[in-house]
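These notes concern the structure reproduced below.
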Amino acid sequence: MKGTDARKKLFKHHNPYNIESTADLFLQAIRENLRFQIANCPEYARIVQSRGFSPDDLKSEADLHKIPVLPTLYFKRNRLFSIPEEKLSVNATSSGTKGAQSVVGFDKESMRLGITMMTRFIAYHKLISLLPTNYLMLGYEPSEHTRMGAIKTAHGMTRFAPVLHRAYALKDTGSGYTPNPEGVQKALFAYAKSGFSVRLIGFPSYLWLLVTELDKRGISLKLNPHSKVLLGGGWKQFSGEQIDSEVLFKTVEKTLGIPRKSCFEFFSAVEHPLPYVKCKNGHFHVPMYSRVFIRDVQTLEPVPDGQLGLLSFVTPLVGSMPLLSVVTDDLAI
């Protein structure tokens, strides 16, 4: 899908939270993308037709939730593309911690817009640095045997400060992954001794394992004051051990010397590759590039504010697949 005028204009805005002044542009971009998907993805066209829906039904933002919504589970069992697969620039999969993996593909224009968007987010939150930086990657080492989106995202986050070295919590074995706690600790001590800034990027569970081990041993480091914590991806297989973020960040400050203001949490999904950043009050904020709905678990209709439901997103970002309106299996308010 070539970048439509509305989509290009939408992603050119520098303030990623400028929702009010871009509302009409967002709606126009959604209509354009929806028409493209219907025209170029026969399977999706049949889904839309079966729901009795048309792009002309999008009169205002109040109608966005009516776009036929596809569960992320659907993409774990079906391949839906709106351009020939050989024209895809990047393929990525979900982490697959619950079984099957979603397979998504992005065309060049969607990738370009996505990179521009992510750069705006990072700049807005003052996370671009020219200081040489060591990285503790709290997740998977890149490998030829996997295309997990979480790996691509984490690796992409190292492009916003010059890389001195990367150490990984999960080392590639050639056919899978093995935990690397000793290697991570060894790298951390070397980073602290070097005096350069450190960025810890990845799953909060692995950060918690690291800092609680340091705390048990009575170790308190003072990393370079420009050091940052950038978390995303949730607790995955450690969901039963999940603790409050503020407890985690207090332990981070105690053991690593990184203050709360330098700790950031992100949310995204391979089927919805937009970043949501949590503020100091514990809320993820919606950018101008998307809209969020909380849907009833049975009817998928939007629920009132304050009511628990399934987390659902609408965005015009991706042209290569009908990812305009998706609903996850995550619960949110």
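If you're wondering about the labels, chains in the structure tokens are A, B, ... by order shown, residues count from 1 in each chain, ligands from 1 in order shown.
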Long-range neighbours of range 224-227 of chain A as a list in words, 8 Å cut-off, only C-alpha atoms, 3 positions minimum in chain
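The filter keeps Ala192, Gly195, Phe196, Ser197, Val198, Arg199, Gly257, Ile258 and Ser262 of chain A.
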Please report, as a ChimeraX atom specification, each residue of range 18-236 of chain A to which DSSP assigns helix (DSSP H, G or I) when run on this structure's backbone.
/A:20-40,42-50,55-57,61-66,72-77,85-87,108-124,149-160,181-194,204-216,236
Selected residues written out, C-alpha atoms, as a compact mmCIF listing (two decimals), in the first residue's frame:
```txt
# COMPACT_ATOMS: atom_id res chain seq x y z
CA GLU A 20 -7.69 16.82 18.92
CA SER A 21 -6.18 18.71 15.97
CA THR A 22 -5.60 15.51 13.98
CA ALA A 23 -8.96 13.79 14.58
CA ASP A 24 -10.34 14.50 11.07
CA LEU A 25 -7.06 13.41 9.48
CA PHE A 26 -7.10 10.18 11.48
CA LEU A 27 -10.64 9.37 10.34
CA GLN A 28 -9.72 10.08 6.71
CA ALA A 29 -6.65 7.83 6.95
CA ILE A 30 -8.76 5.03 8.42
CA ARG A 31 -11.28 5.28 5.57
CA GLU A 32 -8.49 5.18 2.96
CA ASN A 33 -6.84 2.17 4.57
CA LEU A 34 -10.14 0.34 4.97
CA ARG A 35 -10.96 0.79 1.29
CA PHE A 36 -7.52 -0.48 0.31
CA GLN A 37 -7.82 -3.59 2.50
CA ILE A 38 -11.28 -4.42 1.12
CA ALA A 39 -10.05 -4.00 -2.45
CA ASN A 40 -6.85 -6.03 -2.02
CA PRO A 42 -10.53 -10.91 -0.57
CA GLU A 43 -10.73 -12.75 2.77
CA TYR A 44 -11.04 -9.49 4.67
CA ALA A 45 -13.53 -8.14 2.13
CA ARG A 46 -15.76 -11.15 2.85
CA ILE A 47 -15.48 -10.53 6.60
CA VAL A 48 -16.47 -6.87 6.17
CA GLN A 49 -19.32 -7.78 3.83
CA SER A 50 -20.62 -10.42 6.24
CA PRO A 55 -16.23 2.61 4.73
CA ASP A 56 -19.08 5.06 4.10
CA ASP A 57 -20.47 4.08 7.52
CA GLU A 61 -14.98 8.89 15.48
CA ALA A 62 -18.03 7.52 17.25
CA ASP A 63 -18.27 4.96 14.43
CA LEU A 64 -14.70 3.63 14.67
CA HIS A 65 -15.62 0.77 16.99
CA LYS A 66 -18.01 -0.53 14.31
CA THR A 72 -5.22 -11.31 17.49
CA LEU A 73 -5.90 -15.05 17.84
CA TYR A 74 -7.23 -14.97 14.25
CA PHE A 75 -3.76 -14.03 12.97
CA LYS A 76 -2.29 -17.02 14.81
CA ARG A 77 -4.38 -19.30 12.60
CA GLU A 85 4.07 -11.71 0.21
CA GLU A 86 7.24 -11.33 -1.86
CA LYS A 87 6.82 -7.54 -1.58
CA LYS A 108 8.26 -0.54 2.97
CA GLU A 109 5.88 2.39 3.44
CA SER A 110 4.41 0.99 6.66
CA MET A 111 7.94 0.38 7.94
CA ARG A 112 9.02 3.91 7.04
CA LEU A 113 6.02 5.45 8.77
CA GLY A 114 6.48 3.19 11.77
CA ILE A 115 10.14 4.14 12.18
CA THR A 116 9.25 7.84 11.86
CA MET A 117 6.51 7.41 14.47
CA MET A 118 8.78 5.57 16.90
CA THR A 119 11.48 8.21 16.54
CA ARG A 120 8.92 10.89 17.43
CA PHE A 121 7.93 8.95 20.57
CA ILE A 122 11.52 8.49 21.67
CA ALA A 123 12.31 12.15 21.03
CA TYR A 124 9.16 13.30 22.85
CA GLY A 149 8.69 -9.12 16.95
CA ALA A 150 9.86 -8.63 20.54
CA ILE A 151 13.46 -9.20 19.41
CA LYS A 152 13.17 -6.72 16.55
CA THR A 153 11.57 -4.11 18.81
CA ALA A 154 14.18 -4.46 21.56
CA HIS A 155 17.02 -4.32 19.05
CA GLY A 156 15.46 -1.23 17.44
CA MET A 157 15.49 0.52 20.81
CA THR A 158 19.29 0.35 20.83
CA ARG A 159 19.44 2.71 17.85
CA PHE A 160 18.64 5.79 19.93
CA PRO A 181 21.89 -14.80 34.57
CA GLU A 182 25.62 -15.10 35.26
CA GLY A 183 26.49 -13.43 31.96
CA VAL A 184 24.08 -10.58 32.64
CA GLN A 185 25.49 -9.94 36.10
CA LYS A 186 29.06 -10.09 34.81
CA ALA A 187 28.22 -7.58 32.08
CA LEU A 188 26.42 -5.31 34.54
CA PHE A 189 29.43 -5.15 36.87
CA ALA A 190 31.70 -4.40 33.91
CA TYR A 191 29.32 -1.68 32.71
CA ALA A 192 29.23 -0.10 36.16
CA LYS A 193 33.02 -0.11 36.32
CA SER A 194 33.34 1.44 32.84
CA PRO A 204 10.26 -6.65 33.44
CA SER A 205 10.45 -10.22 34.79
CA TYR A 206 14.14 -10.51 33.94
CA LEU A 207 14.86 -7.11 35.46
CA TRP A 208 13.10 -8.22 38.64
CA LEU A 209 15.16 -11.42 38.78
CA LEU A 210 18.34 -9.36 38.37
CA VAL A 211 17.66 -6.65 40.94
CA THR A 212 16.23 -8.99 43.58
CA GLU A 213 19.38 -11.13 43.32
CA LEU A 214 21.51 -8.01 43.75
CA ASP A 215 19.37 -6.93 46.70
CA LYS A 216 19.74 -10.34 48.39
CA LYS A 236 4.93 -13.64 29.89
```
Closest of A:Ile219, A:Leu274, A:Cys41, A:Ile128 to Pro316 in chain A - atom-to-atom distances counting only C-alpha atoms:
A:Leu274
Taking only C-alpha atoms into account, name the residue in A:Leu136, A:Leu256, A:Val303, A:Leu231 that is nearest to Ser268 in chain A.
A:Leu231
One number please: CA of Thr255 in chain A to CA of Lys228 in chain A, in Å, one decimal.
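Computed distance, CA of Thr255 in chain A to CA of Lys228 in chain A, equals 13.6 Å.
Coordinates place CA of Leu310 in chain A at a distance of 6.2 Å from CA of Ala332 in chain A.
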I need the residue nearest His165 in chain A from this list: A:Glu141, A:Lys126, A:Thr133, A:Asn180. Use only C-alpha atoms for the distance.
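Using only C-alpha atoms, His165 in chain A sits closest to A:Thr133.
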How many Å separate CA of Ile201 in chain A from CA of Leu138 in chain A?
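Value for the CA of Ile201 in chain A-CA of Leu138 in chain A distance: 5.6 Å.
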From the options A:Pro132, A:Pro287, A:Gly232, A:Gly282, which residue's atoms come nearest to Phe266 in chain A, counting only C-alpha atoms?
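Closest to Phe266 in chain A of all the choices is A:Gly232.
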Nearest residue to Ser82 in chain A from the set A:Gly233, A:Gly218, A:Pro16, A:Gly105 (distances using only C-alpha atoms):
A:Gly105
